[in-house]
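Colleague: This one is structure.pdb, PDB, C-alpha atoms.
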ATOM      1  CA  MET J   1     -63.668  92.559 110.825
ATOM      2  CA  THR J   2     -66.825  94.542 111.571
ATOM      3  CA  TYR J   3     -65.297  97.610 113.209
ATOM      4  CA  ARG J   4     -62.672 100.071 112.011
ATOM      5  CA  VAL J   5     -60.064 102.101 113.869
ATOM      6  CA  GLY J   6     -61.545 105.302 115.260
ATOM      7  CA  GLU J   7     -65.091 103.928 115.425
ATOM      8  CA  PRO J   8     -67.005 104.282 118.734
ATOM      9  CA  VAL J   9     -68.306 101.007 120.226
ATOM     10  CA  THR J  10     -70.228  99.997 123.333
ATOM     11  CA  VAL J  11     -69.324  96.858 125.270
ATOM     12  CA  ALA J  12     -72.261  94.488 125.836
ATOM     13  CA  ALA J  13     -73.586  94.775 129.394
ATOM     14  CA  ARG J  14     -74.503  91.086 129.616
ATOM     15  CA  ALA J  15     -73.548  88.775 132.432
ATOM     16  CA  HIS J  16     -71.571  85.644 131.570
ATOM     17  CA  SER J  17     -71.111  82.991 134.206
ATOM     18  CA  GLY J  18     -68.366  81.037 132.442
ATOM     19  CA  HIS J  19     -64.813  81.960 131.565
ATOM     20  CA  HIS J  20     -64.558  85.133 129.502
ATOM     21  CA  ARG J  21     -61.983  87.841 129.091
ATOM     22  CA  THR J  22     -64.195  90.934 129.214
ATOM     23  CA  PRO J  23     -63.667  92.703 132.551
ATOM     24  CA  SER J  24     -66.748  93.983 134.411
ATOM     25  CA  TYR J  25     -65.491  97.532 134.554
ATOM     26  CA  ILE J  26     -65.953  98.058 130.797
ATOM     27  CA  LYS J  27     -69.326  96.299 130.415
ATOM     28  CA  GLY J  28     -71.941  98.776 129.176
ATOM     29  CA  LYS J  29     -69.250 101.433 128.601
ATOM     30  CA  THR J  30     -68.544 103.174 125.317
ATOM     31  CA  GLY J  31     -65.027 103.417 123.942
ATOM     32  CA  ARG J  32     -63.158 103.769 120.683
ATOM     33  CA  ILE J  33     -61.495 101.183 118.430
ATOM     34  CA  GLU J  34     -57.738 101.836 118.534
ATOM     35  CA  GLY J  35     -56.531  98.777 116.685
ATOM     36  CA  VAL J  36     -57.525  95.492 115.079
ATOM     37  CA  HIS J  37     -55.198  92.758 116.379
ATOM     38  CA  ALA J  38     -56.215  89.622 114.430
ATOM     39  CA  ARG J  39     -58.520  86.648 114.793
ATOM     40  CA  PHE J  40     -57.927  84.307 117.707
ATOM     41  CA  ARG J  41     -59.519  81.126 119.027
ATOM     42  CA  ASN J  42     -62.418  81.865 121.366
ATOM     43  CA  PRO J  43     -61.296  81.468 124.998
ATOM     44  CA  GLU J  44     -64.917  81.144 126.136
ATOM     45  CA  THR J  45     -65.259  77.712 124.519
ATOM     46  CA  ARG J  46     -61.581  76.776 124.550
ATOM     47  CA  ALA J  47     -61.665  77.019 128.360
ATOM     48  CA  TYR J  48     -63.944  73.959 128.350
ATOM     49  CA  GLY J  49     -61.760  71.728 126.201
ATOM     50  CA  ASP J  50     -63.207  72.873 122.871
ATOM     51  CA  GLN J  51     -61.039  73.931 119.917
ATOM     52  CA  GLY J  52     -62.368  77.497 120.242
ATOM     53  CA  LEU J  53     -63.370  77.762 116.584
ATOM     54  CA  PRO J  54     -64.319  79.824 114.701
ATOM     55  CA  GLU J  55     -61.589  82.306 115.478
ATOM     56  CA  MET J  56     -62.974  85.681 116.621
ATOM     57  CA  PRO J  57     -61.621  89.147 115.802
ATOM     58  CA  LEU J  58     -59.878  90.836 118.715
ATOM     59  CA  TYR J  59     -59.714  94.620 118.975
ATOM     60  CA  LEU J  60     -57.806  97.117 121.078
ATOM     61  CA  VAL J  61     -60.448  99.455 122.547
ATOM     62  CA  SER J  62     -59.770 102.604 124.562
ATOM     63  CA  PHE J  63     -62.013 104.211 127.170
ATOM     64  CA  ALA J  64     -61.847 107.592 128.875
ATOM     65  CA  ARG J  65     -60.795 106.950 132.455
ATOM     66  CA  SER J  66     -63.575 109.277 133.632
ATOM     67  CA  ASP J  67     -66.171 107.148 131.776
ATOM     68  CA  LEU J  68     -65.117 104.060 133.742
ATOM     69  CA  TRP J  69     -64.606 105.723 137.130
ATOM     70  CA  PRO J  70     -66.248 109.149 137.446
ATOM     71  CA  GLU J  71     -64.481 110.108 140.673
ATOM     72  CA  PRO J  72     -61.902 112.855 140.097
ATOM     73  CA  CYS J  73     -58.313 111.624 140.294
ATOM     74  CA  ALA J  74     -54.833 112.608 139.233
ATOM     75  CA  GLY J  75     -55.164 110.669 135.971
ATOM     76  CA  GLY J  76     -58.058 112.785 134.777
ATOM     77  CA  GLY J  77     -57.202 112.817 131.094
ATOM     78  CA  HIS J  78     -55.959 109.241 130.841
ATOM     79  CA  ARG J  79     -57.422 106.540 128.635
ATOM     80  CA  VAL J  80     -57.660 102.865 129.537
ATOM     81  CA  TYR J  81     -56.792 100.308 126.811
ATOM     82  CA  VAL J  82     -58.421  96.867 126.825
ATOM     83  CA  ASP J  83     -58.363  93.967 124.329
ATOM     84  CA  VAL J  84     -61.978  93.000 123.549
ATOM     85  CA  PHE J  85     -63.371  90.256 121.314
ATOM     86  CA  GLU J  86     -65.835  91.313 118.612
ATOM     87  CA  HIS J  87     -68.794  89.394 120.026
ATOM     88  CA  TRP J  88     -68.672  91.652 123.098
ATOM     89  CA  LEU J  89     -68.933  94.837 121.013
ATOM     90  CA  GLU J  90     -72.054  96.659 119.815
ATOM     91  CA  GLU J  91     -72.723  99.842 117.870
ATOM     92  CA  ALA J  92     -72.050 102.816 120.141
ATOM     93  CA  LYS J  93     -75.016 103.913 122.217
TER      94      LYS J  93
ATOM     95  CA  MET H  94     -73.864  92.108 137.845
ATOM     96  CA  GLU H  95     -72.089  89.370 139.776
ATOM     97  CA  ARG H  96     -68.365  89.332 139.150
ATOM     98  CA  GLY H  97     -65.861  86.552 139.691
ATOM     99  CA  VAL H  98     -63.197  86.790 142.383
ATOM    100  CA  HIS H  99     -60.550  87.407 139.714
ATOM    101  CA  ASP H 100     -62.543  90.186 138.024
ATOM    102  CA  ARG H 101     -61.384  92.878 140.377
ATOM    103  CA  GLY H 102     -60.365  95.791 138.159
ATOM    104  CA  GLY H 103     -61.677  99.002 139.697
ATOM    105  CA  VAL H 104     -62.858  97.372 142.926
ATOM    106  CA  PRO H 105     -62.389 100.053 145.613
ATOM    107  CA  THR H 106     -59.698  99.339 148.199
ATOM    108  CA  ASP H 107     -57.527 101.329 150.581
ATOM    109  CA  GLU H 108     -54.817  98.677 150.509
ATOM    110  CA  PRO H 109     -51.676  99.527 148.531
ATOM    111  CA  ILE H 110     -50.821  97.230 145.605
ATOM    112  CA  ASP H 111     -47.966  94.871 146.487
ATOM    113  CA  ARG H 112     -45.443  95.441 143.689
ATOM    114  CA  SER H 113     -42.594  93.581 145.354
ATOM    115  CA  GLU H 114     -40.792  90.850 143.395
ATOM    116  CA  HIS H 115     -39.359  87.652 144.855
ATOM    117  CA  THR H 116     -36.868  85.097 143.634
ATOM    118  CA  LEU H 117     -38.815  82.153 142.258
ATOM    119  CA  GLU H 118     -38.596  78.968 144.282
ATOM    120  CA  ASP H 119     -37.933  75.625 142.580
ATOM    121  CA  TRP H 120     -41.565  74.492 142.830
ATOM    122  CA  GLU H 121     -42.707  77.680 141.124
ATOM    123  CA  VAL H 122     -40.311  77.185 138.207
ATOM    124  CA  LEU H 123     -41.424  73.542 137.934
ATOM    125  CA  THR H 124     -45.094  74.573 137.995
ATOM    126  CA  ASP H 125     -44.480  76.960 135.127
ATOM    127  CA  ALA H 126     -42.634  74.247 133.174
ATOM    128  CA  LEU H 127     -45.403  71.702 133.811
ATOM    129  CA  VAL H 128     -48.115  74.008 132.482
ATOM    130  CA  GLY H 129     -45.969  74.677 129.402
ATOM    131  CA  ALA H 130     -45.355  70.974 128.820
ATOM    132  CA  LEU H 131     -49.053  70.103 129.239
ATOM    133  CA  ALA H 132     -49.996  72.809 126.736
ATOM    134  CA  ARG H 133     -47.444  71.659 124.158
ATOM    135  CA  ARG H 134     -48.674  68.061 124.511
ATOM    136  CA  GLY H 135     -52.257  69.293 124.012
ATOM    137  CA  VAL H 136     -53.364  67.994 127.426
ATOM    138  CA  MET H 137     -54.654  71.332 128.726
ATOM    139  CA  ASN H 138     -54.600  74.887 127.381
ATOM    140  CA  VAL H 139     -54.119  78.302 128.945
ATOM    141  CA  ASP H 140     -57.841  79.129 128.819
ATOM    142  CA  GLU H 141     -58.570  75.992 130.831
ATOM    143  CA  LEU H 142     -55.851  77.070 133.258
ATOM    144  CA  ARG H 143     -57.601  80.431 133.623
ATOM    145  CA  ARG H 144     -60.996  78.793 134.140
ATOM    146  CA  GLY H 145     -59.562  76.574 136.868
ATOM    147  CA  ILE H 146     -58.117  79.615 138.643
ATOM    148  CA  GLU H 147     -61.380  81.535 138.359
ATOM    149  CA  GLY H 148     -63.233  78.534 139.785
ATOM    150  CA  MET H 149     -61.263  78.550 143.048
ATOM    151  CA  PRO H 150     -63.258  79.127 146.232
ATOM    152  CA  ARG H 151     -63.062  82.850 146.957
ATOM    153  CA  GLU H 152     -61.210  82.484 150.284
ATOM    154  CA  GLU H 153     -58.593  80.165 148.769
ATOM    155  CA  TYR H 154     -58.107  82.435 145.753
ATOM    156  CA  VAL H 155     -57.476  85.466 147.950
ATOM    157  CA  GLN H 156     -54.982  83.576 150.138
ATOM    158  CA  ALA H 157     -53.118  81.839 147.316
ATOM    159  CA  SER H 158     -49.975  83.090 145.623
ATOM    160  CA  TYR H 159     -49.662  83.310 141.838
ATOM    161  CA  TYR H 160     -48.239  79.820 141.278
ATOM    162  CA  GLU H 161     -50.364  78.269 144.024
ATOM    163  CA  ARG H 162     -53.313  79.279 141.832
ATOM    164  CA  TRP H 163     -51.671  77.609 138.828
ATOM    165  CA  LEU H 164     -51.125  74.435 140.852
ATOM    166  CA  PHE H 165     -54.714  74.427 142.101
ATOM    167  CA  SER H 166     -56.018  74.830 138.568
ATOM    168  CA  MET H 167     -53.698  72.220 137.067
ATOM    169  CA  GLU H 168     -54.816  69.634 139.614
ATOM    170  CA  SER H 169     -58.523  70.384 139.165
ATOM    171  CA  ILE H 170     -58.435  70.461 135.339
ATOM    172  CA  LEU H 171     -56.337  67.261 135.125
ATOM    173  CA  THR H 172     -58.718  65.566 137.578
ATOM    174  CA  GLU H 173     -61.684  66.739 135.499
ATOM    175  CA  LYS H 174     -60.061  65.193 132.406
ATOM    176  CA  GLY H 175     -59.340  61.933 134.188
ATOM    177  CA  VAL H 176     -55.562  62.335 133.830
ATOM    178  CA  LEU H 177     -55.353  62.367 137.630
ATOM    179  CA  ALA H 178     -57.609  60.387 139.959
ATOM    180  CA  ALA H 179     -59.325  62.392 142.689
ATOM    181  CA  GLY H 180     -56.939  62.717 145.619
ATOM    182  CA  GLU H 181     -54.077  61.097 143.681
ATOM    183  CA  LEU H 182     -51.601  63.914 144.258
ATOM    184  CA  ASP H 183     -52.337  64.011 147.989
ATOM    185  CA  ARG H 184     -51.819  60.250 148.243
ATOM    186  CA  ARG H 185     -48.521  60.409 146.352
ATOM    187  CA  ALA H 186     -47.324  63.373 148.390
ATOM    188  CA  ALA H 187     -48.134  61.496 151.595
ATOM    189  CA  GLY H 188     -46.596  58.219 150.424
TER     190      GLY H 188
END
Kindly return the structure encoded in the file as structure tokens.
Modeller:
Amino acid sequence: MTYRVGEPVTVAARAHSGHHRTPSYIKGKTGRIEGVHARFRNPETRAYGDQGLPEMPLYLVSFARSDLWPEPCAGGGHRVYVDVFEHWLEEAK
Amino acid sequence: MERGVHDRGGVPTDEPIDRSEHTLEDWEVLTDALVGALARRGVMNVDELRRGIEGMPREEYVQASYYERWLFSMESILTEKGVLAAGELDRRAAG
């Protein structure tokens, strides 16, 4: 596991035409590691009939709502929690 | 960056989110059971199911209900794997 709880990380801003579980609204955004779930088979290859190995670490990452959507709203201080695989994470920019 | 039809988190809309529940119909329960059985037999997995849903034509995806998307995906993935012949389900349903 490369990242530790509390560490800031930036989600890779790359496009990916095939199946992947990284939603667009966090790509390129910086958040914070909140938890390390475990290693899981990679859905990006498993979605095409592959075994999905090696297993990839999956993290719980939080983002400030205002970093994802800058418009003021009632949930101003909220954080958004997303499960993200390690190969989508980079050192915080 | 181009996003898939399913990748809609944060897409602006003025439409309220439909949070209503409905009693599942028999075909929906059977669809759920079929996907579970296919996964346990190792015929197709949940990531393939997701890929099949994400590969739906945009107009059909938007129109389809939750389990209609599952059915669409199951048919296309099983056809891709050669478990079903192209058009086989339509022929059986008609016959």
Colleague: Using only C-alpha atoms, can you list as a PyMOL selection string the residues within 10 Å of (-57.8, 74.3, 124.2)?
Modeller: (chain J and resi 41-43+45-52) or (chain H and resi 132+135-142)
Colleague: Write the selection just made, keeping C-alpha atoms, as a compact mmCIF listing (two decimals), in the coordinates of the input?
Modeller:
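What follows is the written file part_7.txt:
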# COMPACT_ATOMS: atom_id res chain seq x y z
CA ARG J 41 -59.52 81.13 119.03
CA ASN J 42 -62.42 81.86 121.37
CA PRO J 43 -61.30 81.47 125.00
CA THR J 45 -65.26 77.71 124.52
CA ARG J 46 -61.58 76.78 124.55
CA ALA J 47 -61.66 77.02 128.36
CA TYR J 48 -63.94 73.96 128.35
CA GLY J 49 -61.76 71.73 126.20
CA ASP J 50 -63.21 72.87 122.87
CA GLN J 51 -61.04 73.93 119.92
CA GLY J 52 -62.37 77.50 120.24
CA ALA H 132 -50.00 72.81 126.74
CA GLY H 135 -52.26 69.29 124.01
CA VAL H 136 -53.36 67.99 127.43
CA MET H 137 -54.65 71.33 128.73
CA ASN H 138 -54.60 74.89 127.38
CA VAL H 139 -54.12 78.30 128.94
CA ASP H 140 -57.84 79.13 128.82
CA GLU H 141 -58.57 75.99 130.83
CA LEU H 142 -55.85 77.07 133.26
Colleague: Which residues of chain H come within 10 Å of chain J, and what is each one's closest atom pair and distance in Å (one decimal), counting only C-alpha atoms, sorted by chain and residue number, as JSON lines?
Modeller:
{"residue": "H:Met94", "atom": "CA", "partner": "J:Ala15", "partner_atom": "CA", "distance": 6.4}
{"residue": "H:Glu95", "atom": "CA", "partner": "J:Ala15", "partner_atom": "CA", "distance": 7.5}
{"residue": "H:Arg96", "atom": "CA", "partner": "J:Ser24", "partner_atom": "CA", "distance": 6.8}
{"residue": "H:Gly97", "atom": "CA", "partner": "J:Ser17", "partner_atom": "CA", "distance": 8.4}
{"residue": "H:His99", "atom": "CA", "partner": "J:Pro23", "partner_atom": "CA", "distance": 9.4}
{"residue": "H:Asp100", "atom": "CA", "partner": "J:Pro23", "partner_atom": "CA", "distance": 6.1}
{"residue": "H:Arg101", "atom": "CA", "partner": "J:Ser24", "partner_atom": "CA", "distance": 8.1}
{"residue": "H:Gly102", "atom": "CA", "partner": "J:Tyr25", "partner_atom": "CA", "distance": 6.5}
{"residue": "H:Gly103", "atom": "CA", "partner": "J:Tyr25", "partner_atom": "CA", "distance": 6.6}
{"residue": "H:Val104", "atom": "CA", "partner": "J:Tyr25", "partner_atom": "CA", "distance": 8.8}
{"residue": "H:Val136", "atom": "CA", "partner": "J:Gly49", "partner_atom": "CA", "distance": 9.3}
{"residue": "H:Met137", "atom": "CA", "partner": "J:Gly49", "partner_atom": "CA", "distance": 7.6}
{"residue": "H:Asn138", "atom": "CA", "partner": "J:Ala47", "partner_atom": "CA", "distance": 7.4}
{"residue": "H:Val139", "atom": "CA", "partner": "J:Ala47", "partner_atom": "CA", "distance": 7.7}
{"residue": "H:Asp140", "atom": "CA", "partner": "J:Ala47", "partner_atom": "CA", "distance": 4.4}
{"residue": "H:Glu141", "atom": "CA", "partner": "J:Ala47", "partner_atom": "CA", "distance": 4.1}
{"residue": "H:Leu142", "atom": "CA", "partner": "J:Ala47", "partner_atom": "CA", "distance": 7.6}
{"residue": "H:Arg143", "atom": "CA", "partner": "J:Ala47", "partner_atom": "CA", "distance": 7.5}
{"residue": "H:Arg144", "atom": "CA", "partner": "J:His19", "partner_atom": "CA", "distance": 5.6}
{"residue": "H:Gly145", "atom": "CA", "partner": "J:Ala47", "partner_atom": "CA", "distance": 8.8}
{"residue": "H:Glu147", "atom": "CA", "partner": "J:His19", "partner_atom": "CA", "distance": 7.6}
{"residue": "H:Gly148", "atom": "CA", "partner": "J:His19", "partner_atom": "CA", "distance": 9.0}
{"residue": "H:Ile170", "atom": "CA", "partner": "J:Tyr48", "partner_atom": "CA", "distance": 9.6}
{"residue": "H:Lys174", "atom": "CA", "partner": "J:Gly49", "partner_atom": "CA", "distance": 9.2}
Colleague: Name the residues in contact with Val82 in chain J at a cut-off of 8 Å, using only C-alpha atoms, excluding same-chain residues fewer than 6 positions from it; report them as number ranges by chain.
Modeller: J: 60-62
Colleague: Would you please work out which residue, of J:Asp67, J:Pro72, J:His37, J:Met56, is nearest to Phe85 in chain J when using all atoms listed in the file?
Modeller: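 Closest to Phe85 in chain J, using all atoms listed in the file: J:Met56.
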Colleague: Going by the chain IDs and residue numbers used in this file, which residues fall under the PyMOL selection byres ((chain J and resi 66) around 9)? Write them as a list in words.
Modeller: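 Output of the PyMOL selection byres ((chain J and resi 66) around 9): Phe63, Ala64, Arg65, Asp67, Leu68, Trp69, Pro70, Glu71, Pro72, Cys73, Gly75, Gly76, Gly77, His78 and Arg79 of chain J.
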Colleague: List as a list in words the protein and nucleic acid residues near Thr30 in chain J, meaning an atom at most 8 Å away when all atoms listed in the file are counted, but skip any in the same chain fewer than 5 places from it.
Modeller: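 The filter keeps Pro8, Val9, Thr10, Val11, Phe63, Asp67, Ala92 and Lys93 of chain J.
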Colleague: I'd like to see the residues matched by the PyMOL selection byres ((chain J and resi 57) around 7) on this file, and ideally I'd get them as a list in words.
Modeller: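 Checked against the file, the PyMOL selection byres ((chain J and resi 57) around 7) matches Met1, Ala38, Arg39, Phe40, Glu55, Met56, Leu58, Tyr59, Phe85 and Glu86 of chain J.
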